[in-house]
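Enquirer: My structure file coords-v2.cif, mmCIF, N, CA and C atoms and all ligand atoms, is below:
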```cif
data_start
#
loop_
_atom_site.label_atom_id
_atom_site.label_comp_id
_atom_site.auth_asym_id
_atom_site.auth_seq_id
_atom_site.Cartn_x
_atom_site.Cartn_y
_atom_site.Cartn_z
N MET A 34 77.74 110.29 109.42
CA MET A 34 79.04 109.86 109.99
C MET A 34 78.79 108.91 111.16
N ILE A 35 79.37 107.70 111.07
CA ILE A 35 79.30 106.79 112.20
C ILE A 35 80.69 106.70 112.82
N ARG A 36 80.74 106.44 114.12
CA ARG A 36 82.03 106.56 114.81
C ARG A 36 82.07 105.65 116.03
N GLN A 37 83.20 105.01 116.25
CA GLN A 37 83.42 104.24 117.48
C GLN A 37 84.84 104.46 117.95
N HIS A 38 85.04 104.41 119.26
CA HIS A 38 86.41 104.56 119.77
C HIS A 38 86.63 103.67 120.99
N ARG A 39 87.89 103.37 121.27
CA ARG A 39 88.23 102.52 122.42
C ARG A 39 89.60 102.92 122.96
N ALA A 40 89.76 102.81 124.25
CA ALA A 40 91.03 103.18 124.90
C ALA A 40 91.90 101.93 125.13
N PHE A 41 93.21 102.13 125.06
CA PHE A 41 94.19 101.05 125.21
C PHE A 41 95.33 101.51 126.10
N GLU A 42 95.94 100.52 126.77
CA GLU A 42 97.13 100.80 127.59
C GLU A 42 98.38 100.66 126.71
N PRO A 43 99.47 101.31 127.09
CA PRO A 43 100.67 101.28 126.24
C PRO A 43 101.48 99.99 126.41
N HIS A 44 100.87 98.87 126.05
CA HIS A 44 101.55 97.57 126.10
C HIS A 44 101.65 97.01 124.69
N PRO A 45 102.66 96.18 124.42
CA PRO A 45 102.78 95.58 123.08
C PRO A 45 101.51 94.87 122.63
N GLY A 46 100.84 94.18 123.55
CA GLY A 46 99.62 93.44 123.18
C GLY A 46 98.49 94.34 122.74
N SER A 47 98.58 95.63 123.05
CA SER A 47 97.52 96.56 122.65
C SER A 47 97.49 96.79 121.15
N VAL A 48 98.59 96.50 120.46
CA VAL A 48 98.59 96.72 119.00
C VAL A 48 97.67 95.70 118.33
N SER A 49 97.79 94.45 118.71
CA SER A 49 96.87 93.46 118.10
C SER A 49 95.45 93.70 118.59
N ALA A 50 95.29 94.16 119.83
CA ALA A 50 93.94 94.46 120.33
C ALA A 50 93.32 95.62 119.55
N ALA A 51 94.14 96.62 119.20
CA ALA A 51 93.64 97.75 118.40
C ALA A 51 93.25 97.27 117.01
N ARG A 52 94.06 96.37 116.45
CA ARG A 52 93.74 95.81 115.12
C ARG A 52 92.44 95.01 115.19
N ASP A 53 92.27 94.23 116.25
CA ASP A 53 91.04 93.45 116.41
C ASP A 53 89.83 94.39 116.55
N PHE A 54 90.01 95.49 117.27
CA PHE A 54 88.93 96.46 117.45
C PHE A 54 88.49 97.03 116.11
N VAL A 55 89.47 97.48 115.32
CA VAL A 55 89.14 98.05 114.00
C VAL A 55 88.49 97.00 113.09
N THR A 56 89.00 95.78 113.16
CA THR A 56 88.43 94.69 112.35
C THR A 56 86.96 94.46 112.73
N ALA A 57 86.69 94.44 114.03
CA ALA A 57 85.31 94.19 114.49
C ALA A 57 84.39 95.33 114.06
N VAL A 58 84.87 96.57 114.20
CA VAL A 58 84.01 97.72 113.85
C VAL A 58 83.70 97.71 112.35
N LEU A 59 84.74 97.54 111.53
CA LEU A 59 84.50 97.59 110.07
C LEU A 59 83.68 96.39 109.62
N SER A 60 83.84 95.25 110.27
CA SER A 60 83.04 94.09 109.89
C SER A 60 81.57 94.32 110.22
N GLU A 61 81.33 95.02 111.34
CA GLU A 61 79.95 95.36 111.72
C GLU A 61 79.35 96.33 110.71
N TRP A 62 80.18 97.25 110.18
CA TRP A 62 79.67 98.28 109.27
C TRP A 62 79.55 97.79 107.82
N ALA A 63 80.25 96.70 107.49
CA ALA A 63 80.22 96.24 106.10
C ALA A 63 78.82 95.73 105.77
N ALA A 64 78.35 96.11 104.57
CA ALA A 64 77.00 95.71 104.16
C ALA A 64 76.95 94.19 104.02
N SER A 65 77.91 93.62 103.30
CA SER A 65 77.98 92.17 103.18
C SER A 65 79.41 91.81 102.81
N GLY A 66 79.91 90.71 103.32
CA GLY A 66 81.28 90.29 103.06
C GLY A 66 82.26 91.18 103.79
N PRO A 67 83.55 91.00 103.52
CA PRO A 67 84.56 91.81 104.20
C PRO A 67 84.48 93.28 103.77
N HIS A 68 84.73 94.19 104.68
CA HIS A 68 84.75 95.62 104.34
C HIS A 68 85.89 95.86 103.33
N PRO A 69 85.64 96.62 102.25
CA PRO A 69 86.68 96.80 101.22
C PRO A 69 87.94 97.51 101.73
N LEU A 70 87.84 98.25 102.82
CA LEU A 70 89.02 98.95 103.33
C LEU A 70 89.64 98.24 104.54
N LEU A 71 89.19 97.00 104.80
CA LEU A 71 89.64 96.30 106.01
C LEU A 71 91.16 96.14 106.04
N GLY A 72 91.76 95.66 104.96
CA GLY A 72 93.21 95.43 104.95
C GLY A 72 93.99 96.72 105.16
N ALA A 73 93.57 97.78 104.48
CA ALA A 73 94.24 99.08 104.63
C ALA A 73 94.08 99.59 106.06
N ALA A 74 92.89 99.43 106.61
CA ALA A 74 92.64 99.91 107.98
C ALA A 74 93.48 99.11 108.99
N GLN A 75 93.61 97.81 108.77
CA GLN A 75 94.43 96.99 109.68
C GLN A 75 95.89 97.43 109.62
N LEU A 76 96.36 97.74 108.41
CA LEU A 76 97.76 98.17 108.27
C LEU A 76 97.99 99.50 109.00
N VAL A 77 97.14 100.48 108.74
CA VAL A 77 97.43 101.80 109.32
C VAL A 77 97.23 101.81 110.83
N VAL A 78 96.25 101.07 111.34
CA VAL A 78 96.08 101.08 112.80
C VAL A 78 97.25 100.35 113.46
N SER A 79 97.80 99.34 112.80
CA SER A 79 98.97 98.65 113.36
C SER A 79 100.13 99.63 113.50
N GLU A 80 100.37 100.42 112.46
CA GLU A 80 101.50 101.37 112.49
C GLU A 80 101.26 102.49 113.51
N LEU A 81 100.06 103.05 113.51
CA LEU A 81 99.80 104.19 114.42
C LEU A 81 99.76 103.72 115.87
N ALA A 82 99.19 102.54 116.13
CA ALA A 82 99.14 102.04 117.51
C ALA A 82 100.54 101.64 117.98
N SER A 83 101.35 101.04 117.10
CA SER A 83 102.70 100.67 117.55
C SER A 83 103.52 101.92 117.81
N ASN A 84 103.27 102.99 117.06
CA ASN A 84 103.97 104.25 117.36
C ASN A 84 103.55 104.81 118.73
N ALA A 85 102.27 104.68 119.07
CA ALA A 85 101.84 105.15 120.40
C ALA A 85 102.52 104.35 121.50
N VAL A 86 102.63 103.04 121.29
CA VAL A 86 103.25 102.18 122.32
C VAL A 86 104.75 102.44 122.41
N LEU A 87 105.42 102.50 121.25
CA LEU A 87 106.89 102.57 121.23
C LEU A 87 107.43 103.97 121.46
N HIS A 88 106.76 104.98 120.88
CA HIS A 88 107.31 106.34 120.91
C HIS A 88 106.61 107.21 121.96
N ALA A 89 105.26 107.25 121.95
CA ALA A 89 104.56 108.08 122.94
C ALA A 89 104.65 107.43 124.32
N ARG A 90 104.47 106.09 124.36
CA ARG A 90 104.51 105.33 125.63
C ARG A 90 103.49 105.81 126.63
N THR A 91 102.30 106.14 126.13
CA THR A 91 101.20 106.58 127.01
C THR A 91 99.95 105.78 126.63
N PRO A 92 98.93 105.79 127.47
CA PRO A 92 97.64 105.26 127.03
C PRO A 92 97.22 105.96 125.74
N PHE A 93 96.46 105.25 124.93
CA PHE A 93 96.03 105.84 123.66
C PHE A 93 94.61 105.40 123.34
N ALA A 94 93.97 106.18 122.47
CA ALA A 94 92.60 105.85 122.05
C ALA A 94 92.59 105.68 120.55
N VAL A 95 91.89 104.65 120.10
CA VAL A 95 91.72 104.41 118.66
C VAL A 95 90.30 104.79 118.28
N GLU A 96 90.18 105.51 117.18
CA GLU A 96 88.87 105.99 116.72
C GLU A 96 88.71 105.55 115.26
N VAL A 97 87.55 105.00 114.97
CA VAL A 97 87.20 104.63 113.59
C VAL A 97 85.93 105.37 113.24
N SER A 98 85.92 106.08 112.12
CA SER A 98 84.68 106.70 111.68
C SER A 98 84.55 106.52 110.19
N ALA A 99 83.33 106.62 109.70
CA ALA A 99 83.08 106.41 108.28
C ALA A 99 81.98 107.31 107.80
N ASP A 100 82.21 107.86 106.61
CA ASP A 100 81.18 108.66 105.93
C ASP A 100 81.31 108.39 104.42
N GLY A 101 81.63 107.14 104.08
CA GLY A 101 82.05 106.79 102.71
C GLY A 101 83.53 106.48 102.75
N ASP A 102 84.34 107.48 103.06
CA ASP A 102 85.74 107.23 103.42
C ASP A 102 85.77 106.66 104.85
N VAL A 103 86.91 106.06 105.18
CA VAL A 103 87.08 105.58 106.56
C VAL A 103 88.21 106.38 107.19
N LEU A 104 87.97 106.91 108.36
CA LEU A 104 88.99 107.66 109.10
C LEU A 104 89.47 106.82 110.27
N ILE A 105 90.79 106.64 110.37
CA ILE A 105 91.39 105.94 111.51
C ILE A 105 92.24 106.97 112.25
N ALA A 106 92.04 107.10 113.56
CA ALA A 106 92.84 108.05 114.33
C ALA A 106 93.33 107.38 115.61
N VAL A 107 94.54 107.74 116.01
CA VAL A 107 95.10 107.26 117.27
C VAL A 107 95.56 108.48 118.06
N ALA A 108 94.97 108.66 119.23
CA ALA A 108 95.31 109.80 120.08
C ALA A 108 96.12 109.32 121.27
N ASP A 109 97.29 109.95 121.50
CA ASP A 109 98.09 109.59 122.66
C ASP A 109 98.33 110.83 123.52
N GLU A 110 99.10 110.65 124.60
CA GLU A 110 99.28 111.74 125.56
C GLU A 110 100.68 112.34 125.49
N SER A 111 101.34 112.18 124.34
CA SER A 111 102.67 112.76 124.15
C SER A 111 102.57 113.89 123.15
N GLY A 112 103.25 114.98 123.47
CA GLY A 112 103.25 116.12 122.55
C GLY A 112 104.24 115.95 121.41
N ALA A 113 105.09 114.91 121.46
CA ALA A 113 106.10 114.72 120.41
C ALA A 113 105.42 114.41 119.08
N ALA A 114 105.91 115.06 118.02
CA ALA A 114 105.25 114.93 116.71
C ALA A 114 105.71 113.67 115.98
N PRO A 115 104.81 113.07 115.21
CA PRO A 115 105.22 112.01 114.29
C PRO A 115 105.93 112.63 113.09
N VAL A 116 107.06 112.10 112.74
CA VAL A 116 107.85 112.66 111.63
C VAL A 116 108.12 111.56 110.61
N MET A 117 107.60 111.72 109.39
CA MET A 117 107.83 110.70 108.37
C MET A 117 109.30 110.72 107.96
N ARG A 118 109.93 109.54 108.00
CA ARG A 118 111.36 109.45 107.67
C ARG A 118 111.54 109.01 106.22
N ARG A 119 112.73 109.18 105.75
CA ARG A 119 113.14 108.64 104.44
C ARG A 119 114.18 107.59 104.73
N PRO A 120 113.76 106.38 105.07
CA PRO A 120 114.75 105.39 105.52
C PRO A 120 115.69 104.97 104.40
N SER A 121 116.95 104.74 104.73
CA SER A 121 117.88 104.22 103.73
C SER A 121 117.48 102.77 103.45
N PRO A 122 117.88 102.23 102.29
CA PRO A 122 117.41 100.90 101.90
C PRO A 122 117.72 99.82 102.94
N ASP A 123 118.85 99.97 103.65
CA ASP A 123 119.19 98.90 104.60
C ASP A 123 118.71 99.18 106.03
N ALA A 124 117.93 100.25 106.23
CA ALA A 124 117.40 100.52 107.56
C ALA A 124 116.33 99.48 107.90
N LEU A 125 116.31 99.04 109.17
CA LEU A 125 115.36 98.01 109.58
C LEU A 125 114.04 98.59 110.06
N ASP A 126 114.00 99.88 110.34
CA ASP A 126 112.73 100.48 110.76
C ASP A 126 112.63 101.88 110.17
N GLY A 127 111.63 102.61 110.57
CA GLY A 127 111.46 103.96 110.05
C GLY A 127 110.55 104.02 108.83
N ARG A 128 109.77 102.95 108.59
CA ARG A 128 108.89 102.93 107.42
C ARG A 128 107.41 103.05 107.76
N GLY A 129 107.08 103.07 109.03
CA GLY A 129 105.67 103.00 109.42
C GLY A 129 104.83 104.13 108.84
N LEU A 130 105.26 105.36 109.06
CA LEU A 130 104.46 106.49 108.56
C LEU A 130 104.52 106.58 107.05
N TYR A 131 105.61 106.11 106.45
CA TYR A 131 105.68 106.08 104.99
C TYR A 131 104.60 105.13 104.44
N LEU A 132 104.43 103.99 105.11
CA LEU A 132 103.37 103.05 104.69
C LEU A 132 101.99 103.68 104.86
N VAL A 133 101.81 104.39 105.98
CA VAL A 133 100.53 105.08 106.21
C VAL A 133 100.31 106.11 105.11
N ASP A 134 101.36 106.85 104.77
CA ASP A 134 101.28 107.89 103.73
C ASP A 134 100.88 107.27 102.38
N GLN A 135 101.49 106.13 102.06
CA GLN A 135 101.23 105.49 100.77
C GLN A 135 99.86 104.83 100.70
N THR A 136 99.36 104.40 101.85
CA THR A 136 98.10 103.65 101.90
C THR A 136 96.89 104.57 101.95
N SER A 137 97.09 105.78 102.47
CA SER A 137 95.95 106.65 102.73
C SER A 137 95.87 107.79 101.72
N GLU A 138 94.70 108.40 101.65
CA GLU A 138 94.51 109.59 100.81
C GLU A 138 95.28 110.76 101.39
N GLU A 139 95.21 110.87 102.70
CA GLU A 139 95.94 111.91 103.42
C GLU A 139 96.08 111.49 104.87
N TRP A 140 97.08 112.04 105.54
CA TRP A 140 97.23 111.79 106.97
C TRP A 140 97.77 113.06 107.61
N GLY A 141 97.66 113.15 108.90
CA GLY A 141 98.18 114.32 109.59
C GLY A 141 98.08 114.12 111.09
N PHE A 142 98.38 115.17 111.83
CA PHE A 142 98.19 115.09 113.28
C PHE A 142 97.81 116.46 113.80
N ASP A 143 97.05 116.45 114.87
CA ASP A 143 96.58 117.68 115.49
C ASP A 143 96.89 117.62 116.97
N PRO A 144 97.30 118.75 117.55
CA PRO A 144 97.50 118.76 119.00
C PRO A 144 96.17 118.59 119.74
N THR A 145 96.21 117.93 120.87
CA THR A 145 95.03 117.83 121.73
C THR A 145 95.40 118.46 123.07
N ASP A 146 94.49 118.46 124.02
CA ASP A 146 94.77 119.02 125.35
C ASP A 146 96.02 118.42 125.97
N GLY A 147 96.09 117.08 125.96
CA GLY A 147 97.21 116.44 126.65
C GLY A 147 98.20 115.76 125.74
N GLY A 148 98.09 115.96 124.45
CA GLY A 148 99.01 115.24 123.54
C GLY A 148 98.70 115.55 122.09
N LYS A 149 98.41 114.51 121.32
CA LYS A 149 98.12 114.72 119.89
C LYS A 149 97.25 113.58 119.38
N ARG A 150 96.71 113.81 118.22
CA ARG A 150 95.87 112.81 117.55
C ARG A 150 96.40 112.67 116.13
N VAL A 151 96.86 111.46 115.81
CA VAL A 151 97.38 111.17 114.47
C VAL A 151 96.26 110.47 113.70
N TRP A 152 95.95 110.96 112.51
CA TRP A 152 94.79 110.43 111.79
C TRP A 152 95.15 110.16 110.33
N CYS A 153 94.39 109.31 109.69
CA CYS A 153 94.52 109.15 108.25
C CYS A 153 93.18 108.78 107.65
N ARG A 154 93.03 109.13 106.39
CA ARG A 154 91.76 108.94 105.69
C ARG A 154 91.96 107.94 104.56
N LEU A 155 91.14 106.91 104.57
CA LEU A 155 91.20 105.84 103.57
C LEU A 155 89.97 105.97 102.67
N ALA A 156 90.21 105.92 101.37
CA ALA A 156 89.08 106.07 100.44
C ALA A 156 88.84 104.77 99.70
N PRO A 157 87.57 104.44 99.47
CA PRO A 157 87.29 103.24 98.70
C PRO A 157 87.75 103.40 97.26
N SER A 158 88.08 102.30 96.61
CA SER A 158 88.44 102.35 95.20
C SER A 158 87.23 102.84 94.39
N PRO A 159 87.44 103.71 93.39
CA PRO A 159 86.31 104.17 92.60
C PRO A 159 85.81 103.11 91.62
N TYR A 160 86.50 101.98 91.52
CA TYR A 160 86.13 100.98 90.50
C TYR A 160 85.27 99.87 91.07
N1 LIG A 201 102.85 108.61 118.34
C1 LIG A 201 104.10 109.12 118.27
N2 LIG A 201 104.60 109.83 119.31
C2 LIG A 201 105.85 110.35 119.28
N3 LIG A 201 106.68 110.23 118.21
C3 LIG A 201 106.24 109.54 117.15
C4 LIG A 201 104.93 108.95 117.12
N4 LIG A 201 104.76 108.33 115.93
C5 LIG A 201 105.93 108.51 115.25
N5 LIG A 201 106.81 109.23 115.98
C6 LIG A 201 108.16 109.65 115.54
O1 LIG A 201 108.19 109.57 114.14
C7 LIG A 201 109.22 108.65 113.72
C8 LIG A 201 108.80 107.91 112.47
O2 LIG A 201 107.75 106.98 112.76
P1 LIG A 201 107.62 105.68 111.84
O3 LIG A 201 106.43 104.92 112.32
O4 LIG A 201 107.65 106.09 110.42
O5 LIG A 201 108.97 104.88 112.09
P2 LIG A 201 109.41 104.01 113.35
O6 LIG A 201 108.25 103.83 114.29
O7 LIG A 201 110.65 104.62 113.89
O8 LIG A 201 109.77 102.60 112.67
P3 LIG A 201 108.75 101.48 112.14
O9 LIG A 201 107.36 102.07 112.15
O10 LIG A 201 109.22 101.14 110.77
O11 LIG A 201 108.89 100.36 113.12
C9 LIG A 201 109.48 107.77 114.93
O12 LIG A 201 110.78 107.24 114.90
C10 LIG A 201 109.26 108.75 116.07
O13 LIG A 201 110.41 109.53 116.28
MG MG A 202 106.44 103.18 113.55
#
```
Using the file provided, produce a representation of the structure as structure tokens.
Ligand SMILES: Nc1ncnc2c1ncn2[C@@H]1O[C@H](COP(=O)(O)OP(=O)(O)OP(=O)(O)O)[C@@H](O)[C@H]1O
Ligand SMILES: [Mg+2]
Expert:
Amino acid sequence: MIRQHRAFEPHPGSVSAARDFVTAVLSEWAASGPHPLLGAAQLVVSELASNAVLHARTPFAVEVSADGDVLIAVADESGAAPVMRRPSPDALDGRGLYLVDQTSEEWGFDPTDGGKRVWCRLAPSPY
């Protein structure tokens, strides 16, 4: 298992910084060419980091680990739980966790000392 993490402040610009961090880590870990899970990892970290900025509104840490699958986790300092919504067709938001759910093998969240850690597991295509 290899793992890297970085802390971010709860500012809008931290979402692209978190995406850049994940991109750099996975590019470093890729044997050659782009990492096969790069696009999926960029999508889920964008959603989880924007939730930390918009909903938790606390500093947050992004963690990337790999053991074949890639695990992306975002830990913030709010105890409020992430709740996957069923947005109506004309709703303009409320799809972030649904996208994470559809993109990942599994996702969940665990309480931490000062808040929670939302994580998801991305698996490489078997083909
Ligand atoms: N890190 C978080 N801390 C606190 N509440 C959260 C967090 N992440 C999600 N939530 C709660 O779960 C709800 C659903 O999150 P989701 O990302 O699916 O939708 P959204 O953020 O409201 O809209 P969108 O992601 O489409 O912009 C949020 O509206 C919020 O109430
Ligand atoms: Mg969201």
Enquirer: CA of Glu42 in chain A and CA of Ala124 in chain A are how many Å apart?
Expert: 28.5 Å
Enquirer: Using DSSP on the backbone coordinates, identify all residues within chain A classified as alpha helix (DSSP H); present the result as a PyMOL selection string.
Expert: chain A and resi 46-62+71-84+129-136
Enquirer: Which range 102-158 of chain A residues have any atom within 8 Å of an atom of range 54-76 of chain A, and for each, what is the nearest pair of atoms with distance in Å to one decimal, counting only N, CA and C atoms, rows sorted by chain and number, as JSON lines?
Expert:
```
{"residue": "A:Val103", "atom": "CA", "partner": "A:Leu70", "partner_atom": "CA", "distance": 7.6}
{"residue": "A:Leu104", "atom": "C", "partner": "A:Ala74", "partner_atom": "CA", "distance": 7.9}
{"residue": "A:Ile105", "atom": "CA", "partner": "A:Ala74", "partner_atom": "CA", "distance": 7.1}
{"residue": "A:Leu132", "atom": "C", "partner": "A:Leu76", "partner_atom": "C", "distance": 7.1}
{"residue": "A:Val133", "atom": "CA", "partner": "A:Leu76", "partner_atom": "C", "distance": 6.7}
{"residue": "A:Thr136", "atom": "CA", "partner": "A:Ala73", "partner_atom": "CA", "distance": 6.6}
{"residue": "A:Ser137", "atom": "N", "partner": "A:Ala73", "partner_atom": "CA", "distance": 7.6}
{"residue": "A:Leu155", "atom": "C", "partner": "A:Leu70", "partner_atom": "CA", "distance": 7.1}
{"residue": "A:Ala156", "atom": "C", "partner": "A:Leu70", "partner_atom": "CA", "distance": 6.9}
{"residue": "A:Pro157", "atom": "CA", "partner": "A:Leu70", "partner_atom": "N", "distance": 6.5}
{"residue": "A:Ser158", "atom": "N", "partner": "A:Pro69", "partner_atom": "C", "distance": 7.0}
```
Enquirer: Can I get the residues close to ligand LIG 201 (chain A) as a list in words, where close means within 6 Å and we count only C-alpha atoms and all ligand atoms?
Expert: Glu80, Asn84, Ala85, His88, Ala89, Ser111, Ala113, Ala114, Pro115, Val116, Met117, Arg118, Asp126, Gly127, Arg128, Gly129, Leu130 and Tyr131 of chain A
Enquirer: Figure out the distance between atom N of Glu139 in chain A and atom C of Ser83 in chain A, please, to one decimal in Å.
Expert: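 Straight-line distance from atom C of Ser83 in chain A to atom N of Glu139 in chain A works out to 19.4 Å.
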Enquirer: Give me, please, the distance in Å between atom N of Ala50 in chain A and atom N of Asp143 in chain A, quoted to one decimal.
Expert: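 It comes out at 22.9 Å.
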Enquirer: My list of candidates is A:Pro144, A:Ser47, A:Ala82, A:Arg36. Which is closest to ligand MG 202 (chain A) when distances are computed with all atoms listed in the file?
Expert: A:Ala82
Enquirer: Give the strand (DSSP E or B) residues of range 67-129 of chain A, as DSSP finds them on the backbone, and put them as a list in words.
Expert: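 The residues of range 67-129 of chain A classed as strand (DSSP E or B) are Phe93, Ala94, Val95, Glu96, Val97, Ser98, Ala99, Val103, Leu104, Ile105, Ala106, Val107, Ala108 and Asp109 of chain A.
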Enquirer: Taking all atoms listed in the file into account, which of A:Gln135, A:Ala106, A:Trp140, A:Ser79 comes nearest ligand MG 202 (chain A)?
Expert: A:Ser79
Enquirer: Name all residues at most 6 Å from range 107-110 of chain A (count only C-alpha atoms; drop same-chain ones fewer than 4 positions away) and give them as JSON, numbers by chain.
Expert: {"A": [91, 93, 94, 95, 147, 148, 149, 150, 151]}
Enquirer: I need the residue nearest ligand MG 202 (chain A) from this list: A:Arg119, A:Trp152, A:Met34, A:Leu81. Use only N, CA and C atoms and all ligand atoms for the distance.
Expert: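 Checking each candidate against ligand MG 202 (chain A), we get A:Leu81 as the closest.
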Enquirer: Nearest to ligand MG 202 (chain A): which of A:Leu87, A:Ala51, A:Ile35, A:Cys153 is it, counting all atoms listed in the file?
Expert: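 Answer, going by the shortest atom-to-atom distance: A:Leu87.
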Enquirer: Out of A:His44, A:Arg52, A:Arg154, A:Arg39, which residue has the shortest atom-to-atom distance to Asp100 in chain A when counting only C-alpha atoms?
Expert: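 Closest residue, counting only C-alpha atoms: A:Arg154.
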Enquirer: Will you model all heavy atoms for range 77-84 of chain A and pass it back as a PDB file, in the frame of the given file?
Expert:
```pdb
ATOM      1  N   VAL A  77      97.140 100.480 108.740  1.00  0.00           N
ATOM      2  CA  VAL A  77      97.430 101.800 109.320  1.00  0.00           C
ATOM      3  C   VAL A  77      97.230 101.810 110.830  1.00  0.00           C
ATOM      4  O   VAL A  77      98.012 102.445 111.548  1.00  0.00           O
ATOM      5  CB  VAL A  77      96.634 102.948 108.636  1.00  0.00           C
ATOM      6  CG1 VAL A  77      96.971 103.030 107.164  1.00  0.00           C
ATOM      7  CG2 VAL A  77      95.146 102.848 108.860  1.00  0.00           C
ATOM      8  N   VAL A  78      96.250 101.070 111.340  1.00  0.00           N
ATOM      9  CA  VAL A  78      96.080 101.080 112.800  1.00  0.00           C
ATOM     10  C   VAL A  78      97.250 100.350 113.460  1.00  0.00           C
ATOM     11  O   VAL A  78      97.685 100.741 114.553  1.00  0.00           O
ATOM     12  CB  VAL A  78      94.715 100.516 113.252  1.00  0.00           C
ATOM     13  CG1 VAL A  78      94.670  98.997 113.200  1.00  0.00           C
ATOM     14  CG2 VAL A  78      94.416 100.998 114.667  1.00  0.00           C
ATOM     15  N   SER A  79      97.800  99.340 112.800  1.00  0.00           N
ATOM     16  CA  SER A  79      98.970  98.650 113.360  1.00  0.00           C
ATOM     17  C   SER A  79     100.130  99.630 113.500  1.00  0.00           C
ATOM     18  O   SER A  79     100.823  99.656 114.522  1.00  0.00           O
ATOM     19  CB  SER A  79      99.401  97.504 112.444  1.00  0.00           C
ATOM     20  OG  SER A  79      98.363  96.568 112.288  1.00  0.00           O
ATOM     21  N   GLU A  80     100.370 100.420 112.460  1.00  0.00           N
ATOM     22  CA  GLU A  80     101.500 101.370 112.490  1.00  0.00           C
ATOM     23  C   GLU A  80     101.260 102.490 113.510  1.00  0.00           C
ATOM     24  O   GLU A  80     102.164 102.828 114.279  1.00  0.00           O
ATOM     25  CB  GLU A  80     101.741 101.955 111.096  1.00  0.00           C
ATOM     26  CG  GLU A  80     102.202 100.923 110.081  1.00  0.00           C
ATOM     27  CD  GLU A  80     103.465 100.178 110.510  1.00  0.00           C
ATOM     28  OE1 GLU A  80     104.299 100.748 111.235  1.00  0.00           O
ATOM     29  OE2 GLU A  80     103.612  99.006 110.117  1.00  0.00           O
ATOM     30  N   LEU A  81     100.060 103.050 113.510  1.00  0.00           N
ATOM     31  CA  LEU A  81      99.800 104.190 114.420  1.00  0.00           C
ATOM     32  C   LEU A  81      99.760 103.720 115.870  1.00  0.00           C
ATOM     33  O   LEU A  81     100.269 104.403 116.770  1.00  0.00           O
ATOM     34  CB  LEU A  81      98.496 104.893 114.038  1.00  0.00           C
ATOM     35  CG  LEU A  81      98.473 105.515 112.634  1.00  0.00           C
ATOM     36  CD1 LEU A  81      97.152 106.247 112.392  1.00  0.00           C
ATOM     37  CD2 LEU A  81      99.657 106.455 112.417  1.00  0.00           C
ATOM     38  N   ALA A  82      99.190 102.540 116.130  1.00  0.00           N
ATOM     39  CA  ALA A  82      99.140 102.040 117.510  1.00  0.00           C
ATOM     40  C   ALA A  82     100.540 101.640 117.980  1.00  0.00           C
ATOM     41  O   ALA A  82     100.912 101.909 119.130  1.00  0.00           O
ATOM     42  CB  ALA A  82      98.182 100.860 117.606  1.00  0.00           C
ATOM     43  N   SER A  83     101.350 101.040 117.100  1.00  0.00           N
ATOM     44  CA  SER A  83     102.700 100.670 117.550  1.00  0.00           C
ATOM     45  C   SER A  83     103.520 101.920 117.810  1.00  0.00           C
ATOM     46  O   SER A  83     104.351 101.951 118.725  1.00  0.00           O
ATOM     47  CB  SER A  83     103.386  99.702 116.594  1.00  0.00           C
ATOM     48  OG  SER A  83     103.636 100.311 115.367  1.00  0.00           O
ATOM     49  N   ASN A  84     103.270 102.990 117.060  1.00  0.00           N
ATOM     50  CA  ASN A  84     103.970 104.250 117.360  1.00  0.00           C
ATOM     51  C   ASN A  84     103.550 104.810 118.730  1.00  0.00           C
ATOM     52  O   ASN A  84     104.379 105.347 119.466  1.00  0.00           O
ATOM     53  CB  ASN A  84     103.685 105.285 116.274  1.00  0.00           C
ATOM     54  CG  ASN A  84     104.520 105.027 115.031  1.00  0.00           C
ATOM     55  OD1 ASN A  84     105.428 104.207 115.031  1.00  0.00           O
ATOM     56  ND2 ASN A  84     104.207 105.736 113.962  1.00  0.00           N
TER      57      ASN A  84
END
```
